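Visitor: Have a look at the structure that comes next, please.
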Amino acid sequence: MKFLDTKEQLLSLIEEIFINILPQYLPSSEIREQQINMAKQILLSFIENKKIVVEAPTGIGKSLAYLVPAVVYLKELQKNTRIIVSTYTKTLQQQLQKKDLPLIEKIVDYLYKDKIWYTTFFGSENYICLFKFYELKKDLLTQDEILKIINIENWLKTTQTGCVEEIEVEQDFWHEINRESDLCRAKHCKFYSECFYYKNLKQLKNMDIIIINHHLFFANILALNNLVPKRNKETEEIIIFDEAHNLENVIYQWFGEEISNNQIKFLCKQVYNIKKQRGLVTKLHSLPENLKQNIIDSVISVLEQTEEFFAQINLKLLQAKPEVRIFVPNIVENTLIPELSKLFNLLSSAKNLVSKREEVFKLTVFTKRIVKFIKIIAMWLKCEDTKNYIYWVEKEETKRKKLKIILRITPIDLTKEMQEYVYSVYDKIVFTSATLCVNYDFKFFKSSVGLFPEIIPNSTTSNELILSSSFDYKNNVVIYLPEGVPNPKHEYEEFKEVIIDIIEKLIKLTEGNTFVLFTSFELMNWVVEHFKLDYKLFVQTTSKYKLLEQYKKTENSVLFGVNTFWQGVDIPGEKLISIIIPKLPFDVPDHPIIEAKTEKIESEGKDSFKEYLLPNAILKLKQGFGRLIRRKTDWGIISILDPRITTQWYGKYFLKSLPECKITTDFNTLKDFFYTKKGYKK
Ligand code: SF4
């Protein structure tokens with residue numbers, strides 16, 4: 001193929017790929033104007049050296065719409081290009097790796113008789129550390145652990161990647177054998193040449209396309225690009241953020257600081273595991289016995305104080321809510337830092353007495369970790385800069401039903417950091433998702449990821465594109481807005497009593513096959529308790545994945561979910577034909593991050609409801625709505641029970657943001673629609 005250089009020729013090539021080449025390898029593919037348009041606009045943005053934000057509704061084939069122009073750019077304009085596709089979910093990573101990229105490979109072969117190299121790369125903690133594994137094997141193990149070791153050994157005989165993705169393993173056990181970046185001795189490790197992580201890393205150098213997740217992207221940025229190495233210094237990187245609506249949460253995590261009770265306990269366990277009587281200290285044979293014993297005693301004290309310190313926090317702050325912001329210093333007594341300091345001193349003394357390099361190395365790592373813990377706890381307790389940072393605490397239940405308490409320090413505004421670390425570094429960035437704009441405007445999304453307002457000159461120049469859906473919503477979706485429901489803000493108890501009847505009526509109509517999407521566990525649990533019909537209910541308690549699998553396998557089932565079920569769920573066909581939304585999805589305004597953001601907006605003289613809470617809720621409703629129609633042939637009902645959608649001034653903005661479909665307040669109209677679609681006699 002002759003290399004093309006004019007813009008027009010390149011744009012024609014994009015058309016040629018979608019119209020004539022792709023169907024040869026994907027006979028089921030259709031020619032979709034929006035997909036071709038998206039691909040062309042992305043290519044133009046690359047040529048103009050600009051970022052682009054694209055709202056691409058479900059069903060237009062957005063993965064190929066960004067992969068094709070990226071590859072055309074690489075092959076035609078800049079051979080030394082690396083394409084990084086960053087996603088939020090593993091499901092999308094798998095789809096790209098197994099479905100979309102093999103197609104791209106065929107297209108490249110057809111056009112250029114050439115290869116395109118691609119892979120998925122995970123954060124390093126997802127890879128086994130052979131050093132840790134064989135160290136553990138030497139320890140005194142329980143029967144259960146021996147079985148787990150055998151399982152891993154069998155897996156090691158066949159695995160090519162050494163990645164946890166491939167194997168069922170308990171999380172706690174995995175943490176005993178996975179790679180920890182600070183404990184990795186890299187070239188000085190005796191397993192370096194066989195190390196799965198480094199083998200994968202070496203392969204990356206030659207890759208044209210690397211799929212990662214948003215967390216790894218930011219870990220890489222903050223590690224000064226050391227985690228995903230470039231091919232060479234001149235390599236130009238194109239970044240594609242798919243599922244970009246989830247970027248904001250990830251950004252907050254990476255630019256903040258946090259420390260949890262579990263992290264401290266894990267460190268203690270690595271120094272000395274009381275239950276199993278093993279750990280680093282038992283292997284330091286050159287240490288005097290009394291120092292060893294002092295370290296063990298100190299570990300016990302740190303563990304006791306960790307319990308005590310976090311219990312105080314739990315009791316004082318977390319009884320009413322799972323997340324609480326703090327404003328005053330020394331909210332609890334500082335009993336933990338002195339114990340951590342003692343352990344630090346003892347490990348430092350041990351470091352001066354051991355001679356083996358490996359022992360010195362491990363002791364150095366653990367002392368550094370303790371210094372970091374002390375620093376974060378001290379900063380959190382001091383609570384000094386409440387103008388620029390949110391000091392808060394959050395509790396969650398682990399899979400083993402244990403309480404995890406996390407102290408967090410989060411910057412209120414990350415605009416400058418994002419422009420400095422990301423937007424000034426990369427010119428060509430694609431942000432895409434099905435839900436990025438509110439009322440045909442990207443301002444809300446852009447400010448959430450620091451693309452607006454511009455602080456560093458020329459760092460945020462970007463194009464925008466909003467694509468319409470190729471689905472026939474008008475004929476396939478009815479939005480049901482029942483009348484006579486009390487306002488949940490003013491008459492909450494009455495609201496609950498009314499909606500339970502409507503929910504039951506709707507579930508009866510569609511014979512299950514329904515998602516009921518809540519905004520709080522409290523309301524969900526109340527509805528579950530009062531639900532009288534005999535349908536198989538799946539209620540969000542266990543993992544999302546398991547619950548979805550059970551829901552899909554069970555006839556006439558109903559799923560009750562909060563938060564995570566509003567997005568990233570793909571159930572095409574008649575297994576999901578009804579979505580019930582009891583309350584408009586406004587964020588809880590007293591969540592620490594929401595509270596700090598709204599305060600900041602108010603302090604700038606703006607209306608935080610209009611500027612933040614409303615657009616956020618609109619995007620969430622769009623995400624919930626998006627669960628219903630996944631394929632062209634899908635149809636269904638969306639019932640929004642919250643009366644504010646019709647009675648309040650802002651209600652129209654919610655409706656305007658949804659695709660145009662039939663709206664009814666009449667249950668019989670809904671029934672007619674359902675019967676017609678099902679082919680039932682009326
Ligand atoms: S090189 Fe690092 S990750 Fe690999 S086996 Fe050695 S210590 Fe573990």
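Residue names in the structure tokens use chain letters A, B, ... in the order shown, residue numbers from 1 in each chain, and ligand numbers from 1 in the order shown.
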What's around range 64-72 of chain A at 8 Å? Count only C-alpha atoms, leave out sequence neighbours fewer than 6 positions away in its own chain, and write the answer as a PyMOL selection string.

Guide: chain A and resi 10+14+35-36+38-40+42-43+83+100+104+238+240

Visitor: For the interface of chain A with ligand 1 (cut-off 12 Å, counting only C-alpha atoms and all ligand atoms), please tabulate each contacting residue of chain A alongside its nearest pair of atoms and their separation in Å to one decimal, rows sorted by chain and increasing number, as a tab-separated table.

Guide:
```
residue	atom	partner	partner_atom_place_in_ligand_line	distance
A:Gly123	CA	ligand 1	3 (S)	11.9
A:Ser124	CA	ligand 1	3 (S)	8.1
A:Glu125	CA	ligand 1	3 (S)	8.9
A:Asn126	CA	ligand 1	3 (S)	10.4
A:Tyr127	CA	ligand 1	3 (S)	7.6
A:Ile128	CA	ligand 1	3 (S)	6.9
A:Cys129	CA	ligand 1	8 (Fe)	3.7
A:Leu130	CA	ligand 1	5 (S)	4.1
A:Phe131	CA	ligand 1	5 (S)	4.4
A:Lys132	CA	ligand 1	8 (Fe)	6.2
A:Phe133	CA	ligand 1	5 (S)	8.3
A:Tyr134	CA	ligand 1	5 (S)	9.2
A:Glu135	CA	ligand 1	8 (Fe)	10.4
A:Gly162	CA	ligand 1	4 (Fe)	10.4
A:Cys163	CA	ligand 1	3 (S)	11.6
A:Glu176	CA	ligand 1	8 (Fe)	11.4
A:Ile177	CA	ligand 1	8 (Fe)	8.6
A:Asn178	CA	ligand 1	3 (S)	7.5
A:Arg179	CA	ligand 1	3 (S)	4.8
A:Glu180	CA	ligand 1	3 (S)	7.1
A:Ser181	CA	ligand 1	3 (S)	7.4
A:Asp182	CA	ligand 1	2 (Fe)	9.0
A:Leu183	CA	ligand 1	7 (S)	6.5
A:Cys184	CA	ligand 1	2 (Fe)	3.7
A:Arg185	CA	ligand 1	7 (S)	4.8
A:Ala186	CA	ligand 1	1 (S)	4.0
A:Lys187	CA	ligand 1	1 (S)	6.5
A:His188	CA	ligand 1	1 (S)	7.5
A:Cys189	CA	ligand 1	6 (Fe)	4.6
A:Lys190	CA	ligand 1	6 (Fe)	6.5
A:Phe191	CA	ligand 1	5 (S)	5.0
A:Tyr192	CA	ligand 1	1 (S)	4.3
A:Ser193	CA	ligand 1	1 (S)	7.8
A:Glu194	CA	ligand 1	5 (S)	7.4
A:Cys195	CA	ligand 1	4 (Fe)	4.3
A:Phe196	CA	ligand 1	4 (Fe)	6.6
A:Tyr197	CA	ligand 1	4 (Fe)	6.1
A:Tyr198	CA	ligand 1	4 (Fe)	6.6
A:Lys199	CA	ligand 1	4 (Fe)	9.1
A:Asn200	CA	ligand 1	4 (Fe)	10.8
A:Leu201	CA	ligand 1	4 (Fe)	10.9
A:Glu358	CA	ligand 1	7 (S)	10.6
A:Phe361	CA	ligand 1	7 (S)	11.4
A:Lys362	CA	ligand 1	7 (S)	11.0
```

Visitor: Tell me which of A:Leu140, A:Leu222, A:Leu658, A:Ile19 sits closest to Arg278 in chain A, counting only C-alpha atoms.

Guide: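 Counting only C-alpha atoms, the residue closest to Arg278 in chain A is A:Leu140.
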
Visitor: Using Å and a single decimal, report how far CA of Asp139 in chain A sits from CA of Val360 in chain A.

Guide: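 Spanning CA of Val360 in chain A to CA of Asp139 in chain A is a straight-line distance of 20.0 Å.
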
Visitor: Would you return as a list in words the members of range 73-104 of chain A that DSSP assigns to strand (DSSP E) on this structure's backbone?

Guide: Thr81, Arg82, Ile83, Ile84, Val85, Ser86 and Thr87 of chain A

Visitor: Please, which residues in range 55-114 of chain A fall within 8 Å of range 229-237 of chain A when counting only C-alpha atoms, and what is the closest atom pair and distance in Å to one decimal for each, ordered by chain then residue number, as a tab-separated table?

Guide:
```
residue	atom	partner	partner_atom	distance
A:Asn80	CA	A:Thr235	CA	5.1
A:Thr81	CA	A:Glu236	CA	4.7
A:Arg82	CA	A:Glu237	CA	4.8
A:Ile83	CA	A:Glu237	CA	5.9
A:Ile84	CA	A:Glu237	CA	7.0
```

Visitor: Please provide as a ChimeraX atom specification all residues within 12 Å of Thr335 in chain A, with the sequence filter that same-chain residues fewer than 4 positions apart are discarded (counting only C-alpha atoms).

Guide: /A:301-313,330-331,339-342,374,377-378,381

Visitor: Take the residues just selected and output them with N, CA and C atoms as a PDB file, in the first residue's frame.

Guide:
```pdb
ATOM      1  N   SER A 301       2.540  -4.606  69.830  1.00  0.00           N
ATOM      2  CA  SER A 301       2.040  -3.303  70.310  1.00  0.00           C
ATOM      3  C   SER A 301       1.452  -2.476  69.166  1.00  0.00           C
ATOM      4  N   VAL A 302       2.131  -2.505  68.004  1.00  0.00           N
ATOM      5  CA  VAL A 302       1.606  -1.736  66.861  1.00  0.00           C
ATOM      6  C   VAL A 302       0.223  -2.273  66.485  1.00  0.00           C
ATOM      7  N   LEU A 303       0.108  -3.598  66.476  1.00  0.00           N
ATOM      8  CA  LEU A 303      -1.195  -4.184  66.115  1.00  0.00           C
ATOM      9  C   LEU A 303      -2.268  -3.775  67.120  1.00  0.00           C
ATOM     10  N   GLU A 304      -1.905  -3.811  68.405  1.00  0.00           N
ATOM     11  CA  GLU A 304      -2.888  -3.427  69.439  1.00  0.00           C
ATOM     12  C   GLU A 304      -3.295  -1.970  69.269  1.00  0.00           C
ATOM     13  N   GLN A 305      -2.285  -1.126  69.050  1.00  0.00           N
ATOM     14  CA  GLN A 305      -2.594   0.303  68.912  1.00  0.00           C
ATOM     15  C   GLN A 305      -3.349   0.606  67.620  1.00  0.00           C
ATOM     16  N   THR A 306      -3.085  -0.198  66.578  1.00  0.00           N
ATOM     17  CA  THR A 306      -3.827  -0.014  65.321  1.00  0.00           C
ATOM     18  C   THR A 306      -5.310  -0.280  65.594  1.00  0.00           C
ATOM     19  N   GLU A 307      -5.562  -1.390  66.305  1.00  0.00           N
ATOM     20  CA  GLU A 307      -6.954  -1.711  66.668  1.00  0.00           C
ATOM     21  C   GLU A 307      -7.576  -0.554  67.434  1.00  0.00           C
ATOM     22  N   GLU A 308      -6.846  -0.107  68.446  1.00  0.00           N
ATOM     23  CA  GLU A 308      -7.329   0.920  69.359  1.00  0.00           C
ATOM     24  C   GLU A 308      -7.580   2.246  68.619  1.00  0.00           C
ATOM     25  N   PHE A 309      -6.595   2.652  67.837  1.00  0.00           N
ATOM     26  CA  PHE A 309      -6.645   3.931  67.142  1.00  0.00           C
ATOM     27  C   PHE A 309      -7.816   3.966  66.140  1.00  0.00           C
ATOM     28  N   PHE A 310      -7.928   2.903  65.333  1.00  0.00           N
ATOM     29  CA  PHE A 310      -8.996   2.905  64.326  1.00  0.00           C
ATOM     30  C   PHE A 310     -10.367   2.661  64.971  1.00  0.00           C
ATOM     31  N   ALA A 311     -10.369   1.944  66.114  1.00  0.00           N
ATOM     32  CA  ALA A 311     -11.643   1.759  66.826  1.00  0.00           C
ATOM     33  C   ALA A 311     -12.137   3.104  67.351  1.00  0.00           C
ATOM     34  N   GLN A 312     -11.185   3.909  67.853  1.00  0.00           N
ATOM     35  CA  GLN A 312     -11.550   5.264  68.330  1.00  0.00           C
ATOM     36  C   GLN A 312     -12.180   6.068  67.201  1.00  0.00           C
ATOM     37  N   ILE A 313     -11.540   5.998  66.029  1.00  0.00           N
ATOM     38  CA  ILE A 313     -12.035   6.754  64.869  1.00  0.00           C
ATOM     39  C   ILE A 313     -13.425   6.262  64.487  1.00  0.00           C
ATOM     40  N   ASN A 330      -6.261  16.707  65.652  1.00  0.00           N
ATOM     41  CA  ASN A 330      -6.265  15.740  66.759  1.00  0.00           C
ATOM     42  C   ASN A 330      -7.662  15.288  67.166  1.00  0.00           C
ATOM     43  N   ILE A 331      -8.396  14.865  66.189  1.00  0.00           N
ATOM     44  CA  ILE A 331      -9.773  14.424  66.427  1.00  0.00           C
ATOM     45  C   ILE A 331      -9.791  13.178  67.318  1.00  0.00           C
ATOM     46  N   GLU A 339       4.006   4.108  68.684  1.00  0.00           N
ATOM     47  CA  GLU A 339       4.304   2.673  68.538  1.00  0.00           C
ATOM     48  C   GLU A 339       4.965   2.389  67.196  1.00  0.00           C
ATOM     49  N   LEU A 340       4.494   3.064  66.158  1.00  0.00           N
ATOM     50  CA  LEU A 340       5.121   2.874  64.837  1.00  0.00           C
ATOM     51  C   LEU A 340       6.574   3.361  64.877  1.00  0.00           C
ATOM     52  N   SER A 341       6.805   4.460  65.600  1.00  0.00           N
ATOM     53  CA  SER A 341       8.176   4.989  65.698  1.00  0.00           C
ATOM     54  C   SER A 341       9.085   3.996  66.406  1.00  0.00           C
ATOM     55  N   LYS A 342       8.543   3.348  67.461  1.00  0.00           N
ATOM     56  CA  LYS A 342       9.361   2.350  68.175  1.00  0.00           C
ATOM     57  C   LYS A 342       9.753   1.219  67.231  1.00  0.00           C
ATOM     58  N   ILE A 374       3.685   6.982  59.063  1.00  0.00           N
ATOM     59  CA  ILE A 374       3.720   8.007  60.120  1.00  0.00           C
ATOM     60  C   ILE A 374       3.410   9.376  59.519  1.00  0.00           C
ATOM     61  N   ILE A 377      -0.385   9.647  58.672  1.00  0.00           N
ATOM     62  CA  ILE A 377      -1.229   9.732  59.880  1.00  0.00           C
ATOM     63  C   ILE A 377      -1.052  11.105  60.537  1.00  0.00           C
ATOM     64  N   ALA A 378       0.213  11.562  60.598  1.00  0.00           N
ATOM     65  CA  ALA A 378       0.472  12.868  61.239  1.00  0.00           C
ATOM     66  C   ALA A 378      -0.221  13.989  60.461  1.00  0.00           C
ATOM     67  N   LEU A 381      -3.938  13.812  61.109  1.00  0.00           N
ATOM     68  CA  LEU A 381      -4.314  14.283  62.445  1.00  0.00           C
ATOM     69  C   LEU A 381      -4.157  15.800  62.572  1.00  0.00           C
TER      70      LEU A 381
END
```

Visitor: Show which residues sit within 6 Å of Gly561 in chain A, as a PyMOL selection string. Count only C-alpha atoms, and ignore same-chain residues fewer than 2 positions away.

Guide: chain A and resi 517+540+565

Visitor: Which of these, A:Phe173, A:Tyr675, A:Phe373, A:Tyr492, has the shortest distance to Ile152 in chain A once you count only C-alpha atoms?

Guide: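 Using only C-alpha atoms, Ile152 in chain A sits closest to A:Phe173.
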
Visitor: Find the residues near range 626-638 of chain A: any atom within 9 Å, counting only C-alpha atoms, skip ones fewer than 2 places away on the same chain, and give them as a VMD selection string.

Guide: chain A and resid 57 to 59 434 to 435 470 to 473 475 to 481 565 to 574 576 to 581 621 to 624 640 670 673 to 674 677

Visitor: Tell me which protein, DNA and RNA residues are within 12 Å of Pro592 in chain A, counting only C-alpha atoms, leaving out same-chain ones fewer than 5 positions away, and put them as a list in words.

Guide: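 My reading of the contact set: Lys321, Pro322, Glu323, Val324, Arg325, Ile326, Phe327, Thr386, Tyr389, Ile390, Tyr391, Trp392, Val393, Glu394, Arg408, Ile409, Thr410, Pro411, Ile412, Asp587, Lys597, Thr598 and Glu599 of chain A.
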
Visitor: Where does DSSP see helix (DSSP H, G or I) in range 389-586 of chain A, if you list the residues as a PyMOL selection string?

Guide: chain A and resi 415-423+443-448+473-476+492-509+521-530+544-553+563-566+573-575

Visitor: If I take CA of Asn616 in chain A and CA of Arg644 in chain A, how far is one from the other in Å, to one decimal?

Guide: 16.0 Å

Visitor: So the first atom is CA of Thr161 in chain A and the second is CA of Phe217 in chain A; what is the distance between them in Å, to one decimal place?

Guide: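 For CA of Thr161 in chain A relative to CA of Phe217 in chain A, the distance reads 20.0 Å.
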
Visitor: For Leu101 in chain A, work out the shell of residues within 12 Å, counting only C-alpha atoms and skipping chain neighbours fewer than 6 positions away, then give it as a VMD selection string.

Guide: chain A and resid 63 to 68 70 to 71 85 92 to 95 107 to 108 115 to 120 208 to 211

Visitor: For N, CA and C atoms, I'd like the residues from the last selection saved as a PDB file, in the first residue's frame.

Guide:
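Output (selection.pdb):
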```
ATOM      1  N   SER A  63     -15.071   1.379  20.021  1.00  0.00           N
ATOM      2  CA  SER A  63     -13.691   0.875  20.151  1.00  0.00           C
ATOM      3  C   SER A  63     -12.988   0.918  18.797  1.00  0.00           C
ATOM      4  N   LEU A  64     -13.676   0.414  17.765  1.00  0.00           N
ATOM      5  CA  LEU A  64     -13.049   0.448  16.436  1.00  0.00           C
ATOM      6  C   LEU A  64     -12.947   1.882  15.935  1.00  0.00           C
ATOM      7  N   ALA A  65     -13.888   2.722  16.374  1.00  0.00           N
ATOM      8  CA  ALA A  65     -13.869   4.115  15.910  1.00  0.00           C
ATOM      9  C   ALA A  65     -12.675   4.888  16.457  1.00  0.00           C
ATOM     10  N   TYR A  66     -12.048   4.401  17.537  1.00  0.00           N
ATOM     11  CA  TYR A  66     -10.798   5.067  17.942  1.00  0.00           C
ATOM     12  C   TYR A  66      -9.565   4.245  17.564  1.00  0.00           C
ATOM     13  N   LEU A  67      -9.722   2.912  17.486  1.00  0.00           N
ATOM     14  CA  LEU A  67      -8.541   2.104  17.147  1.00  0.00           C
ATOM     15  C   LEU A  67      -8.127   2.309  15.689  1.00  0.00           C
ATOM     16  N   VAL A  68      -9.126   2.387  14.794  1.00  0.00           N
ATOM     17  CA  VAL A  68      -8.790   2.523  13.366  1.00  0.00           C
ATOM     18  C   VAL A  68      -8.000   3.817  13.107  1.00  0.00           C
ATOM     19  N   ALA A  70      -6.269   5.588  15.123  1.00  0.00           N
ATOM     20  CA  ALA A  70      -4.973   5.558  15.827  1.00  0.00           C
ATOM     21  C   ALA A  70      -3.969   4.736  15.024  1.00  0.00           C
ATOM     22  N   VAL A  71      -4.447   3.616  14.483  1.00  0.00           N
ATOM     23  CA  VAL A  71      -3.545   2.759  13.716  1.00  0.00           C
ATOM     24  C   VAL A  71      -3.205   3.401  12.367  1.00  0.00           C
ATOM     25  N   VAL A  85      -4.362   2.446  25.347  1.00  0.00           N
ATOM     26  CA  VAL A  85      -5.811   2.496  25.571  1.00  0.00           C
ATOM     27  C   VAL A  85      -6.051   2.210  27.047  1.00  0.00           C
ATOM     28  N   LEU A  92     -14.036  -4.474  29.451  1.00  0.00           N
ATOM     29  CA  LEU A  92     -13.685  -3.769  28.218  1.00  0.00           C
ATOM     30  C   LEU A  92     -12.271  -4.144  27.762  1.00  0.00           C
ATOM     31  N   GLN A  93     -11.367  -4.335  28.708  1.00  0.00           N
ATOM     32  CA  GLN A  93     -10.006  -4.742  28.331  1.00  0.00           C
ATOM     33  C   GLN A  93     -10.053  -6.066  27.575  1.00  0.00           C
ATOM     34  N   GLN A  94     -10.870  -6.991  28.102  1.00  0.00           N
ATOM     35  CA  GLN A  94     -10.970  -8.303  27.447  1.00  0.00           C
ATOM     36  C   GLN A  94     -11.587  -8.184  26.061  1.00  0.00           C
ATOM     37  N   GLN A  95     -12.610  -7.331  25.955  1.00  0.00           N
ATOM     38  CA  GLN A  95     -13.257  -7.146  24.652  1.00  0.00           C
ATOM     39  C   GLN A  95     -12.254  -6.589  23.632  1.00  0.00           C
ATOM     40  N   ILE A 107      -6.905  -5.993   9.545  1.00  0.00           N
ATOM     41  CA  ILE A 107      -6.969  -4.814   8.669  1.00  0.00           C
ATOM     42  C   ILE A 107      -5.548  -4.351   8.315  1.00  0.00           C
ATOM     43  N   VAL A 108      -4.679  -4.350   9.319  1.00  0.00           N
ATOM     44  CA  VAL A 108      -3.292  -3.913   9.091  1.00  0.00           C
ATOM     45  C   VAL A 108      -2.598  -4.871   8.122  1.00  0.00           C
ATOM     46  N   LYS A 115       2.556  -6.337  10.555  1.00  0.00           N
ATOM     47  CA  LYS A 115       1.973  -6.744  11.838  1.00  0.00           C
ATOM     48  C   LYS A 115       1.683  -5.522  12.694  1.00  0.00           C
ATOM     49  N   ILE A 116       0.776  -5.704  13.622  1.00  0.00           N
ATOM     50  CA  ILE A 116       0.595  -4.688  14.658  1.00  0.00           C
ATOM     51  C   ILE A 116       0.683  -5.453  15.977  1.00  0.00           C
ATOM     52  N   TRP A 117       1.499  -4.958  16.888  1.00  0.00           N
ATOM     53  CA  TRP A 117       1.722  -5.699  18.134  1.00  0.00           C
ATOM     54  C   TRP A 117       0.914  -5.063  19.253  1.00  0.00           C
ATOM     55  N   TYR A 118       0.193  -5.914  19.957  1.00  0.00           N
ATOM     56  CA  TYR A 118      -0.621  -5.369  21.047  1.00  0.00           C
ATOM     57  C   TYR A 118      -0.657  -6.326  22.235  1.00  0.00           C
ATOM     58  N   THR A 119      -0.916  -5.760  23.390  1.00  0.00           N
ATOM     59  CA  THR A 119      -1.041  -6.590  24.591  1.00  0.00           C
ATOM     60  C   THR A 119      -1.817  -5.834  25.668  1.00  0.00           C
ATOM     61  N   THR A 120      -2.236  -6.589  26.681  1.00  0.00           N
ATOM     62  CA  THR A 120      -2.839  -5.961  27.858  1.00  0.00           C
ATOM     63  C   THR A 120      -1.813  -6.034  28.979  1.00  0.00           C
ATOM     64  N   ASP A 208       2.871  -1.897  19.828  1.00  0.00           N
ATOM     65  CA  ASP A 208       2.297  -0.695  19.211  1.00  0.00           C
ATOM     66  C   ASP A 208       1.101  -0.210  20.030  1.00  0.00           C
ATOM     67  N   ILE A 209       0.352  -1.190  20.549  1.00  0.00           N
ATOM     68  CA  ILE A 209      -0.855  -0.831  21.305  1.00  0.00           C
ATOM     69  C   ILE A 209      -0.809  -1.544  22.655  1.00  0.00           C
ATOM     70  N   ILE A 210      -0.985  -0.788  23.723  1.00  0.00           N
ATOM     71  CA  ILE A 210      -1.008  -1.403  25.059  1.00  0.00           C
ATOM     72  C   ILE A 210      -2.321  -1.031  25.739  1.00  0.00           C
ATOM     73  N   ILE A 211      -3.009  -2.061  26.231  1.00  0.00           N
ATOM     74  CA  ILE A 211      -4.250  -1.808  26.968  1.00  0.00           C
ATOM     75  C   ILE A 211      -3.906  -1.820  28.453  1.00  0.00           C
TER      76      ILE A 211
END
```

Visitor: Counting only C-alpha atoms, which residues of range 1-92 of chain A fall within 12 Å of range 414-425 of chain A, and what is the closest atom pair for each with its distance in Å at one decimal, ordered by chain and rising number, as a Markdown table?

Guide:
```
| residue | atom | partner | partner_atom | distance |
| --- | --- | --- | --- | --- |
| A:Asn49 | CA | A:Tyr423 | CA | 11.9 |
| A:Lys50 | CA | A:Tyr423 | CA | 10.2 |
| A:Lys51 | CA | A:Tyr423 | CA | 8.7 |
| A:Ile52 | CA | A:Tyr423 | CA | 11.8 |
```

Visitor: Write to file, as a compact mmCIF listing (two decimals), in the first residue's frame, the residues of the selection just made, with N, CA, C and O atoms.

Guide:
```txt
# COMPACT_ATOMS: atom_id res chain seq x y z
N ASN A 49 -2.84 17.71 16.35
CA ASN A 49 -2.16 17.63 17.64
C ASN A 49 -3.05 18.11 18.79
O ASN A 49 -2.60 18.83 19.68
N LYS A 50 -4.30 17.68 18.74
CA LYS A 50 -5.25 18.15 19.76
C LYS A 50 -5.87 16.98 20.51
O LYS A 50 -5.91 15.86 20.02
N LYS A 51 -6.42 17.33 21.66
CA LYS A 51 -7.22 16.35 22.40
C LYS A 51 -8.63 16.35 21.82
O LYS A 51 -9.02 17.32 21.18
N ILE A 52 -9.37 15.27 22.07
CA ILE A 52 -10.76 15.26 21.61
C ILE A 52 -11.64 14.54 22.64
O ILE A 52 -11.24 13.52 23.20
```

Visitor: With distances taken over only C-alpha atoms, which of A:Tyr653, A:Tyr545, A:Tyr535, A:Tyr112 is nearest to Asn439 in chain A?

Guide: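 Checking each of A:Tyr653, A:Tyr545, A:Tyr535, A:Tyr112 against Asn439 in chain A, counting only C-alpha atoms, the winner is A:Tyr653.
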